[in-house]
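Undergrad: So I've got this file, target13.tsv, and it contains TSV, C-alpha atoms:
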chain	number	residue	atom	x	y	z
A	413	MET	CA	0.21	-28.40	42.52
A	414	CYS	CA	1.25	-26.70	45.69
A	415	VAL	CA	-2.01	-26.51	47.54
A	416	HIS	CA	-2.61	-24.40	50.55
A	417	PRO	CA	-3.55	-25.95	53.86
A	418	SER	CA	-7.19	-26.19	54.74
A	419	HIS	CA	-6.92	-27.69	58.19
A	420	CYS	CA	-8.23	-24.56	59.87
A	421	THR	CA	-11.66	-25.22	58.42
A	422	GLY	CA	-11.30	-28.80	57.29
A	423	SER	CA	-13.37	-28.19	54.18
A	424	MET	CA	-12.67	-27.22	50.61
A	425	THR	CA	-16.21	-26.73	49.43
A	426	ASP	CA	-17.21	-23.97	47.06
A	427	GLN	CA	-19.31	-22.16	49.61
A	428	LYS	CA	-18.14	-18.63	50.32
A	429	THR	CA	-16.82	-18.31	53.84
A	430	GLN	CA	-15.55	-15.14	55.48
A	431	PHE	CA	-11.79	-15.04	55.75
A	432	ASP	CA	-10.29	-13.21	58.71
A	433	PRO	CA	-6.52	-13.74	58.51
A	434	ARG	CA	-5.80	-12.38	61.97
A	435	GLU	CA	-8.23	-14.86	63.50
A	436	LEU	CA	-7.25	-17.84	61.35
A	437	ALA	CA	-3.47	-17.40	61.41
A	438	PRO	CA	-2.88	-19.15	64.77
A	439	PHE	CA	-4.66	-22.25	63.43
A	440	MET	CA	-2.93	-22.13	60.04
A	441	PHE	CA	0.47	-21.82	61.70
A	442	SER	CA	-0.06	-24.36	64.47
A	443	ALA	CA	1.25	-27.42	62.62
A	444	SER	CA	2.73	-28.81	59.41
A	445	HIS	CA	5.31	-26.91	57.36
A	446	ASN	CA	4.15	-23.42	58.38
A	447	GLY	CA	4.13	-24.47	62.03
A	448	PHE	CA	7.58	-26.04	61.73
A	449	LEU	CA	8.91	-22.75	60.29
A	450	GLY	CA	7.21	-20.78	63.09
A	451	MET	CA	5.40	-18.32	60.81
A	452	LYS	CA	3.51	-15.47	62.46
A	453	TYR	CA	0.79	-13.05	61.37
A	454	ARG	CA	1.88	-9.37	61.30
A	455	ASP	CA	-0.63	-7.27	59.43
A	456	HIS	CA	-3.01	-7.22	56.49
A	457	GLY	CA	-5.10	-4.88	54.32
A	458	GLU	CA	-7.82	-5.29	51.67
A	459	ASP	CA	-5.58	-7.14	49.24
A	460	TRP	CA	-2.29	-7.69	51.05
A	461	MET	CA	-0.81	-9.78	53.82
A	462	GLU	CA	2.30	-9.52	55.93
A	463	LEU	CA	3.80	-12.54	57.73
A	464	GLU	CA	6.97	-12.96	59.74
A	465	LEU	CA	9.50	-15.78	59.73
A	466	PRO	CA	11.59	-15.63	62.94
A	467	TRP	CA	15.33	-16.29	62.69
A	468	ARG	CA	16.36	-19.77	63.74
A	469	GLU	CA	19.74	-21.47	63.76
A	470	ASP	CA	18.53	-24.66	62.06
A	471	LEU	CA	17.03	-22.76	59.09
A	472	VAL	CA	20.27	-21.21	57.86
A	473	GLY	CA	21.45	-21.80	54.30
A	474	ASP	CA	25.16	-21.79	55.04
A	475	SER	CA	26.64	-23.06	58.28
A	476	GLU	CA	29.26	-20.28	58.20
A	477	GLN	CA	26.68	-17.49	57.92
A	478	HIS	CA	23.87	-16.70	60.35
A	479	VAL	CA	21.34	-15.90	57.63
A	480	LEU	CA	18.04	-17.64	56.83
A	481	ALA	CA	18.19	-19.98	53.83
A	482	SER	CA	16.31	-19.03	50.67
A	483	GLY	CA	13.99	-22.07	50.95
A	484	PRO	CA	12.08	-20.79	54.01
A	485	ILE	CA	11.76	-17.38	52.34
A	486	ILE	CA	9.98	-19.05	49.40
A	487	SER	CA	7.64	-20.79	51.89
A	488	LEU	CA	6.98	-17.43	53.56
A	489	MET	CA	6.19	-15.64	50.28
A	490	ASP	CA	4.03	-18.54	49.04
A	491	MET	CA	1.97	-18.50	52.24
A	492	ALA	CA	1.70	-14.69	52.39
A	493	SER	CA	0.49	-14.78	48.77
A	494	GLY	CA	-2.15	-17.45	49.40
A	495	MET	CA	-3.45	-15.46	52.37
A	496	ALA	CA	-3.41	-12.19	50.38
A	497	ILE	CA	-5.63	-13.89	47.77
A	498	TRP	CA	-8.08	-15.16	50.39
A	499	THR	CA	-8.11	-11.71	51.98
A	500	ARG	CA	-8.91	-9.98	48.68
A	501	MET	CA	-11.64	-12.56	47.93
A	502	ASN	CA	-12.81	-12.50	51.56
A	503	SER	CA	-13.25	-16.21	51.08
A	504	PHE	CA	-11.34	-19.34	51.92
A	505	MET	CA	-11.23	-21.55	48.87
A	506	ALA	CA	-8.62	-23.92	47.56
A	507	VAL	CA	-5.97	-22.28	45.42
A	508	ALA	CA	-2.73	-23.77	44.10
A	509	THR	CA	0.52	-22.09	43.19
A	510	LEU	CA	1.10	-22.32	39.43
A	511	ASP	CA	4.20	-20.14	39.02
A	512	LEU	CA	6.37	-18.38	41.59
A	513	ARG	CA	9.51	-16.36	41.00
A	514	VAL	CA	11.80	-14.98	43.70
A	515	ASP	CA	14.69	-12.56	43.07
A	516	TYR	CA	17.22	-12.40	45.90
A	517	LEU	CA	18.28	-8.74	46.12
A	518	ARG	CA	20.67	-8.98	49.06
A	519	PRO	CA	21.37	-11.29	52.03
A	520	ALA	CA	19.15	-10.80	55.08
A	521	LYS	CA	20.79	-9.32	58.17
A	522	GLU	CA	22.52	-11.83	60.43
A	523	ARG	CA	20.32	-13.47	63.07
A	524	HIS	CA	17.34	-11.53	61.78
A	525	ALA	CA	13.69	-12.38	61.20
A	526	VAL	CA	12.42	-11.97	57.63
A	527	ILE	CA	9.06	-10.36	56.89
A	528	GLY	CA	7.10	-11.36	53.79
A	529	ARG	CA	4.57	-8.97	52.30
A	530	SER	CA	2.43	-9.98	49.33
A	531	GLN	CA	-0.34	-8.23	47.42
A	532	CYS	CA	-2.98	-9.86	45.23
A	533	TYR	CA	-3.16	-7.17	42.53
A	534	HIS	CA	-5.44	-8.90	40.02
A	535	LEU	CA	-8.08	-11.63	40.00
A	536	THR	CA	-9.77	-13.38	37.10
A	537	ARG	CA	-12.29	-16.26	37.17
A	538	SER	CA	-9.51	-18.82	37.46
A	539	ALA	CA	-6.25	-17.04	38.26
A	540	ALA	CA	-4.89	-14.77	40.99
A	541	PHE	CA	-1.82	-12.60	40.33
A	542	VAL	CA	0.46	-11.68	43.23
A	543	ARG	CA	3.60	-9.65	43.81
A	544	GLY	CA	5.53	-8.89	46.93
A	545	ILE	CA	8.74	-8.37	48.81
A	546	ALA	CA	10.64	-9.87	51.70
A	547	HIS	CA	12.43	-7.47	54.05
A	548	ASP	CA	14.17	-7.51	57.42
A	549	GLY	CA	12.72	-4.39	59.02
A	550	ASP	CA	12.67	-1.69	56.32
A	551	LYS	CA	10.24	-2.37	53.49
A	552	ASP	CA	12.05	0.21	51.34
A	553	ASP	CA	15.21	-1.92	51.49
A	554	PRO	CA	13.94	-5.39	50.51
A	555	VAL	CA	15.84	-8.66	50.77
A	556	ALA	CA	13.88	-10.27	47.93
A	557	SER	CA	11.14	-9.53	45.43
A	558	MET	CA	8.51	-12.01	44.31
A	559	ALA	CA	5.90	-12.46	41.56
A	560	GLY	CA	3.50	-15.35	41.13
A	561	VAL	CA	0.27	-16.76	39.73
A	562	PHE	CA	-2.15	-19.00	41.61
A	563	MET	CA	-5.06	-21.00	40.18
A	564	THR	CA	-8.32	-22.28	41.61
A	565	ILE	CA	-8.35	-26.01	42.05
A	566	GLY	CA	-10.72	-27.99	39.78
A	567	GLY	CA	-14.20	-28.14	41.22
A	568	SER	CA	-13.95	-25.07	43.41
A	569	ALA	CA	-15.76	-21.83	42.69
A	570	PRO	CA	-14.30	-19.12	40.43
A	571	LEU	CA	-12.24	-16.42	42.12
A	572	VAL	CA	-14.55	-13.71	40.78
A	573	ALA	CA	-18.16	-14.11	39.69
B	938	MET	CA	33.63	-36.99	45.67
B	939	SER	CA	31.48	-38.81	48.18
B	940	HIS	CA	27.79	-38.06	48.26
B	941	ASN	CA	27.13	-37.38	51.90
B	942	THR	CA	25.06	-35.08	54.01
B	943	ASP	CA	28.00	-32.68	54.54
B	944	LEU	CA	26.88	-31.16	51.24
B	945	LEU	CA	23.52	-30.21	52.70
B	946	THR	CA	22.67	-26.97	54.50
B	947	PRO	CA	21.27	-26.91	58.07
B	948	TYR	CA	17.89	-25.94	56.54
B	949	ALA	CA	17.97	-28.92	54.14
B	950	ARG	CA	18.78	-31.33	56.97
B	951	SER	CA	16.03	-29.79	59.14
B	952	ILE	CA	13.29	-30.59	56.64
B	953	GLY	CA	14.65	-34.12	56.15
B	954	ILE	CA	16.43	-33.89	52.78
B	955	THR	CA	18.94	-36.68	52.14
B	956	VAL	CA	21.09	-37.75	49.20
B	957	CYS	CA	19.62	-40.77	47.41
B	958	GLU	CA	22.11	-43.62	47.58
B	959	GLN	CA	20.51	-45.88	44.98
B	960	ASP	CA	23.18	-46.82	42.48
B	961	GLU	CA	21.20	-46.37	39.27
B	962	LEU	CA	20.35	-42.82	40.27
B	963	LEU	CA	23.87	-41.89	41.40
B	964	LYS	CA	25.26	-42.93	38.00
B	965	SER	CA	23.13	-40.33	36.28
B	966	GLY	CA	25.45	-37.39	36.99
B	967	ALA	CA	24.12	-34.80	39.41
B	968	PRO	CA	22.97	-36.34	42.71
B	969	VAL	CA	19.35	-37.23	43.27
B	970	LEU	CA	18.06	-35.78	46.55
B	971	MET	CA	15.00	-37.05	48.34
B	972	VAL	CA	12.68	-36.19	51.20
B	973	THR	CA	10.23	-38.60	52.76
B	974	PHE	CA	6.80	-37.22	53.60
B	975	SER	CA	6.33	-35.90	57.15
B	976	ASP	CA	4.44	-33.18	59.01
B	977	THR	CA	7.48	-30.92	58.60
B	978	VAL	CA	6.95	-30.70	54.83
B	979	GLN	CA	3.14	-30.91	54.81
B	980	GLY	CA	0.94	-28.11	53.45
B	981	ARG	CA	-2.65	-29.14	52.66
B	982	PRO	CA	-3.37	-32.43	54.49
B	983	SER	CA	-1.45	-35.34	52.89
B	984	HIS	CA	0.30	-33.05	50.39
B	985	PHE	CA	3.70	-31.36	50.29
B	986	HIS	CA	3.86	-27.61	50.96
B	987	GLY	CA	5.00	-25.66	47.89
B	988	GLY	CA	7.74	-24.06	49.98
B	989	ALA	CA	9.13	-27.47	50.95
B	990	ILE	CA	9.04	-28.56	47.28
B	991	SER	CA	10.93	-25.38	46.37
B	992	GLY	CA	13.45	-26.00	49.16
B	993	LEU	CA	14.15	-29.49	47.81
B	994	LEU	CA	14.53	-28.20	44.23
B	995	GLU	CA	16.89	-25.43	45.31
B	996	THR	CA	18.94	-27.81	47.47
B	997	ALA	CA	19.30	-30.19	44.50
B	998	GLY	CA	20.68	-27.24	42.53
B	999	TYR	CA	23.23	-26.16	45.14
B	1000	THR	CA	24.37	-29.75	45.78
B	1001	ALA	CA	24.94	-30.45	42.08
B	1002	LEU	CA	26.80	-27.17	41.71
B	1003	ARG	CA	29.01	-27.80	44.77
B	1004	ILE	CA	30.01	-31.23	43.42
B	1005	GLN	CA	30.72	-29.88	39.93
B	1006	LEU	CA	32.78	-26.98	41.31
B	1007	ALA	CA	34.78	-29.32	43.58
B	1008	GLN	CA	35.59	-31.53	40.59
B	1009	GLY	CA	36.90	-28.43	38.82
B	1010	GLY	CA	39.08	-27.40	41.78
B	1011	ARG	CA	36.76	-24.55	42.74
B	1012	SER	CA	35.38	-25.77	46.05
B	1013	ASP	CA	36.29	-22.48	47.77
B	1014	VAL	CA	33.84	-20.26	45.85
B	1015	GLN	CA	30.91	-18.81	47.74
B	1016	LEU	CA	27.47	-19.43	46.22
B	1017	LYS	CA	24.89	-16.65	46.34
B	1018	PRO	CA	21.32	-17.02	45.07
B	1019	ILE	CA	20.29	-14.64	42.24
B	1020	ASN	CA	16.79	-15.95	41.52
B	1021	ILE	CA	14.57	-18.98	41.11
B	1022	THR	CA	11.40	-19.49	39.06
B	1023	MET	CA	9.22	-22.43	40.05
B	1024	GLN	CA	6.52	-24.13	37.99
B	1025	PHE	CA	4.14	-26.30	40.01
B	1026	LEU	CA	2.79	-28.94	37.65
B	1027	ALA	CA	0.90	-31.39	39.83
B	1028	ALA	CA	0.15	-32.01	43.52
B	1029	ALA	CA	2.97	-33.75	45.42
B	1030	LYS	CA	1.27	-36.40	47.55
B	1031	ALA	CA	2.26	-38.14	50.78
B	1032	GLU	CA	5.07	-40.26	49.36
B	1033	THR	CA	8.80	-39.76	48.80
B	1034	LEU	CA	9.70	-36.78	46.63
B	1035	TYR	CA	12.91	-36.84	44.54
B	1036	ALA	CA	14.76	-33.99	42.82
B	1037	GLN	CA	17.71	-33.63	40.48
B	1038	ALA	CA	19.42	-30.68	38.86
B	1039	ARG	CA	20.93	-30.21	35.42
B	1040	ILE	CA	23.63	-27.58	35.15
B	1041	THR	CA	22.78	-25.78	31.92
B	1042	LYS	CA	25.68	-23.33	32.10
B	1043	LEU	CA	28.64	-23.14	34.44
B	1044	GLY	CA	30.53	-19.91	33.90
B	1045	ARG	CA	33.14	-18.10	35.95
B	1046	ARG	CA	30.73	-15.74	37.72
B	1047	ASN	CA	27.31	-17.34	37.37
B	1048	ALA	CA	25.65	-20.67	36.81
B	1049	ASN	CA	22.25	-21.53	35.34
B	1050	LEU	CA	20.47	-24.70	36.44
B	1051	GLU	CA	17.27	-26.57	35.56
B	1052	LEU	CA	15.63	-28.48	38.40
B	1053	GLU	CA	13.00	-31.18	38.39
B	1054	CYS	CA	11.20	-33.18	41.07
B	1055	TRP	CA	9.04	-36.27	40.81
B	1056	GLN	CA	7.51	-39.05	42.91
B	1057	ALA	CA	6.89	-42.69	41.88
B	1058	ASP	CA	6.96	-41.96	38.13
B	1059	ARG	CA	9.88	-39.89	36.93
B	1060	SER	CA	8.18	-39.17	33.60
B	1061	ARG	CA	5.48	-37.18	35.46
B	1062	PRO	CA	7.29	-34.32	37.21
B	1063	ARG	CA	5.54	-32.59	40.15
B	1064	ALA	CA	7.45	-29.31	39.75
B	1065	THR	CA	10.29	-27.81	37.73
B	1066	ALA	CA	12.39	-24.69	38.25
B	1067	VAL	CA	15.13	-22.60	36.71
B	1068	MET	CA	17.68	-20.92	38.97
B	1069	ASN	CA	20.64	-18.56	38.58
B	1070	VAL	CA	23.49	-18.63	41.09
B	1071	LEU	CA	26.30	-16.13	41.57
B	1072	MET	CA	29.73	-17.60	42.31
B	1073	VAL	CA	32.08	-15.38	44.28
B	1074	ALA	CA	35.75	-16.34	44.33
B	1075	PRO	CA	37.57	-15.81	47.63
B	1076	ALA	CA	39.58	-12.57	47.74
B	1077	SER	CA	43.22	-13.26	46.86
B	1078	ASP	CA	46.04	-11.87	49.05
Can you dump the structure from the file as structure tokens?
TA:
Amino acid sequence: MCVHPSHCTGSMTDQKTQFDPRELAPFMFSASHNGFLGMKYRDHGEDWMELELPWREDLVGDSEQHVLASGPIISLMDMASGMAIWTRMNSFMAVATLDLRVDYLRPAKERHAVIGRSQCYHLTRSAAFVRGIAHDGDKDDPVASMAGVFMTIGGSAPLVA
Amino acid sequence: MSHNTDLLTPYARSIGITVCEQDELLKSGAPVLMVTFSDTVQGRPSHFHGGAISGLLETAGYTALRIQLAQGGRSDVQLKPINITMQFLAAAKAETLYAQARITKLGRRNANLELECWQADRSRPRATAVMNVLMVAPASD
């Protein structure tokens, strides 16, 4: 399964640890795939997370168009969703993406960063349900919409008691 | 049509996707794409990031579609993503990841594809996906 990085704490135990996305983001985005993409923290609330993916020439999906490829947008939405789940749980435990759907509503603006915003709208003992959008400045005019389900990884604690 | 990296997007080349040149795989129709494990595609330590897995699946879809369209004399159409639905079945570990598409329907305006990726054992897929692609013909004079 697609498992979220744990290198900011180095542990995947079932102990409940406080999760402060603003504080942890620089560590989570310092290396590996998220670091390569250059993801940045923007904002968060009780059950949602907003990340930014800066525009970069080598991440375009078509050499004739200066628009980010769809692949990095999936990475952005997947990561924003994982962090929205940890934020709602206020805990950093291993979760894995089970199902993720992205609808591409329109192309992003040329040479533009894309912002991913995801909300964890429901939690059960073993599953977390997320939905969100990607936009390029105006959240009322999204580039993509997303829906997904994440699961706890075997051996870790339930998402809700 | 030759299977070369010209078919790949700048994004696909950036994360290290290449076209698998092994004969037995090339004979199977749509090209098999591969990505070797590196920090660029890593999520949790020693595992692929789900976004990188999705990027490989999607690239396998576009590459297969480009080849099929070229064979039908339609290499000038523009491909636009409609949607993709990924199913993550098992962790993708620190070894080479392969992906191949199957074009389920190739119409005039849209195509539907099934995608699958695996590691050492093809019978145990790591992730599958279904994608829809819009095909826009160039405006005629």
Undergrad: Pull out every residue of chain A sitting within 10 Å of chain B, counting only C-alpha atoms, and send them as a PDB file with C-alpha atoms, in the frame of the given file.
TA:
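This went into selection.pdb:
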ATOM      1  CA  MET A 413       0.210 -28.400  42.520  1.00  0.00           C
ATOM      2  CA  CYS A 414       1.250 -26.700  45.690  1.00  0.00           C
ATOM      3  CA  VAL A 415      -2.010 -26.510  47.540  1.00  0.00           C
ATOM      4  CA  HIS A 416      -2.610 -24.400  50.550  1.00  0.00           C
ATOM      5  CA  PRO A 417      -3.550 -25.950  53.860  1.00  0.00           C
ATOM      6  CA  SER A 418      -7.190 -26.190  54.740  1.00  0.00           C
ATOM      7  CA  HIS A 419      -6.920 -27.690  58.190  1.00  0.00           C
ATOM      8  CA  GLY A 422     -11.300 -28.800  57.290  1.00  0.00           C
ATOM      9  CA  MET A 440      -2.930 -22.130  60.040  1.00  0.00           C
ATOM     10  CA  ALA A 443       1.250 -27.420  62.620  1.00  0.00           C
ATOM     11  CA  SER A 444       2.730 -28.810  59.410  1.00  0.00           C
ATOM     12  CA  HIS A 445       5.310 -26.910  57.360  1.00  0.00           C
ATOM     13  CA  ASN A 446       4.150 -23.420  58.380  1.00  0.00           C
ATOM     14  CA  GLY A 447       4.130 -24.470  62.030  1.00  0.00           C
ATOM     15  CA  PHE A 448       7.580 -26.040  61.730  1.00  0.00           C
ATOM     16  CA  LEU A 449       8.910 -22.750  60.290  1.00  0.00           C
ATOM     17  CA  ARG A 468      16.360 -19.770  63.740  1.00  0.00           C
ATOM     18  CA  GLU A 469      19.740 -21.470  63.760  1.00  0.00           C
ATOM     19  CA  ASP A 470      18.530 -24.660  62.060  1.00  0.00           C
ATOM     20  CA  LEU A 471      17.030 -22.760  59.090  1.00  0.00           C
ATOM     21  CA  VAL A 472      20.270 -21.210  57.860  1.00  0.00           C
ATOM     22  CA  GLY A 473      21.450 -21.800  54.300  1.00  0.00           C
ATOM     23  CA  ASP A 474      25.160 -21.790  55.040  1.00  0.00           C
ATOM     24  CA  SER A 475      26.640 -23.060  58.280  1.00  0.00           C
ATOM     25  CA  LEU A 480      18.040 -17.640  56.830  1.00  0.00           C
ATOM     26  CA  ALA A 481      18.190 -19.980  53.830  1.00  0.00           C
ATOM     27  CA  SER A 482      16.310 -19.030  50.670  1.00  0.00           C
ATOM     28  CA  GLY A 483      13.990 -22.070  50.950  1.00  0.00           C
ATOM     29  CA  PRO A 484      12.080 -20.790  54.010  1.00  0.00           C
ATOM     30  CA  ILE A 485      11.760 -17.380  52.340  1.00  0.00           C
ATOM     31  CA  ILE A 486       9.980 -19.050  49.400  1.00  0.00           C
ATOM     32  CA  SER A 487       7.640 -20.790  51.890  1.00  0.00           C
ATOM     33  CA  LEU A 488       6.980 -17.430  53.560  1.00  0.00           C
ATOM     34  CA  MET A 489       6.190 -15.640  50.280  1.00  0.00           C
ATOM     35  CA  ASP A 490       4.030 -18.540  49.040  1.00  0.00           C
ATOM     36  CA  MET A 491       1.970 -18.500  52.240  1.00  0.00           C
ATOM     37  CA  ALA A 506      -8.620 -23.920  47.560  1.00  0.00           C
ATOM     38  CA  ALA A 508      -2.730 -23.770  44.100  1.00  0.00           C
ATOM     39  CA  THR A 509       0.520 -22.090  43.190  1.00  0.00           C
ATOM     40  CA  LEU A 510       1.100 -22.320  39.430  1.00  0.00           C
ATOM     41  CA  ASP A 511       4.200 -20.140  39.020  1.00  0.00           C
ATOM     42  CA  LEU A 512       6.370 -18.380  41.590  1.00  0.00           C
ATOM     43  CA  ARG A 513       9.510 -16.360  41.000  1.00  0.00           C
ATOM     44  CA  VAL A 514      11.800 -14.980  43.700  1.00  0.00           C
ATOM     45  CA  ASP A 515      14.690 -12.560  43.070  1.00  0.00           C
ATOM     46  CA  TYR A 516      17.220 -12.400  45.900  1.00  0.00           C
ATOM     47  CA  LEU A 517      18.280  -8.740  46.120  1.00  0.00           C
ATOM     48  CA  ARG A 518      20.670  -8.980  49.060  1.00  0.00           C
ATOM     49  CA  PRO A 519      21.370 -11.290  52.030  1.00  0.00           C
ATOM     50  CA  ALA A 556      13.880 -10.270  47.930  1.00  0.00           C
ATOM     51  CA  SER A 557      11.140  -9.530  45.430  1.00  0.00           C
ATOM     52  CA  MET A 558       8.510 -12.010  44.310  1.00  0.00           C
ATOM     53  CA  ALA A 559       5.900 -12.460  41.560  1.00  0.00           C
ATOM     54  CA  GLY A 560       3.500 -15.350  41.130  1.00  0.00           C
ATOM     55  CA  VAL A 561       0.270 -16.760  39.730  1.00  0.00           C
ATOM     56  CA  PHE A 562      -2.150 -19.000  41.610  1.00  0.00           C
TER      57      PHE A 562
END
Undergrad: Compare A:Gln477, A:Ser493, A:Thr564, A:Ser503 by their minimum atom-to-atom distance to Gly528 of chain A, counting all atoms listed in the file, and give me the closest one.
TA: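 Of A:Gln477, A:Ser493, A:Thr564, A:Ser503, the one nearest Gly528 of chain A is A:Ser493, counting all atoms listed in the file.
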Undergrad: In Å, rounded to a single decimal, give me how far atom CA of Tyr999 of chain B is from atom CA of Val479 of chain A.
TA: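 Interatomic distance, atom CA of Val479 of chain A to atom CA of Tyr999 of chain B: 16.3 Å.
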Undergrad: Mind giving me the straight-line distance from atom CA of Ala520 of chain A to atom CA of Val555 of chain A in Å, one decimal?
TA: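 According to the coordinates, atom CA of Ala520 of chain A and atom CA of Val555 of chain A are separated by 5.8 Å.
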Undergrad: Within 9 Å of (23.3, -22.8, 39.7) (coordinates as in the file), grab all the protein and nucleic acid residues, counting all atoms listed in the file, and write them out as an mmCIF file with C-alpha atoms, keeping the file's coordinate frame.
TA:
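After the write, selection25.cif holds the following:
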data_model
loop_
_atom_site.group_PDB
_atom_site.id
_atom_site.type_symbol
_atom_site.label_atom_id
_atom_site.label_comp_id
_atom_site.auth_asym_id
_atom_site.auth_seq_id
_atom_site.Cartn_x
_atom_site.Cartn_y
_atom_site.Cartn_z
ATOM 1 C CA GLU B 995 16.890 -25.430 45.310
ATOM 2 C CA GLY B 998 20.680 -27.240 42.530
ATOM 3 C CA TYR B 999 23.230 -26.160 45.140
ATOM 4 C CA ALA B 1001 24.940 -30.450 42.080
ATOM 5 C CA LEU B 1002 26.800 -27.170 41.710
ATOM 6 C CA LEU B 1016 27.470 -19.430 46.220
ATOM 7 C CA PRO B 1018 21.320 -17.020 45.070
ATOM 8 C CA ALA B 1038 19.420 -30.680 38.860
ATOM 9 C CA ARG B 1039 20.930 -30.210 35.420
ATOM 10 C CA ILE B 1040 23.630 -27.580 35.150
ATOM 11 C CA THR B 1041 22.780 -25.780 31.920
ATOM 12 C CA LYS B 1042 25.680 -23.330 32.100
ATOM 13 C CA LEU B 1043 28.640 -23.140 34.440
ATOM 14 C CA ASN B 1047 27.310 -17.340 37.370
ATOM 15 C CA ALA B 1048 25.650 -20.670 36.810
ATOM 16 C CA ASN B 1049 22.250 -21.530 35.340
ATOM 17 C CA LEU B 1050 20.470 -24.700 36.440
ATOM 18 C CA GLU B 1051 17.270 -26.570 35.560
ATOM 19 C CA VAL B 1067 15.130 -22.600 36.710
ATOM 20 C CA MET B 1068 17.680 -20.920 38.970
ATOM 21 C CA ASN B 1069 20.640 -18.560 38.580
ATOM 22 C CA VAL B 1070 23.490 -18.630 41.090
ATOM 23 C CA LEU B 1071 26.300 -16.130 41.570
ATOM 24 C CA MET B 1072 29.730 -17.600 42.310
#
Undergrad: At a cut-off of 7 Å, using only C-alpha atoms, what residues contact His547 of chain A? Leave out same-chain residues fewer than 2 positions from it and give the result as a list in words.
TA: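 Once the adjacent positions are removed, what remains is Val526, Ile527, Gly528, Ile545, Gly549, Asp550, Lys551, Asp553, Pro554, Val555 and Ala556 of chain A.
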Undergrad: I need the residue nearest Ala525 of chain A from this list: A:Asp548, A:Ala437, A:Asn502, A:Met461. Use all atoms listed in the file for the distance.
TA: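 Among the listed residues, A:Asp548 lies closest to Ala525 of chain A.
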Undergrad: For atom CA of Ser1012 of chain B and atom CA of Glu522 of chain A, quote the distance in Å rounded to one decimal.
TA: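 Straight-line distance from atom CA of Ser1012 of chain B to atom CA of Glu522 of chain A works out to 23.8 Å.
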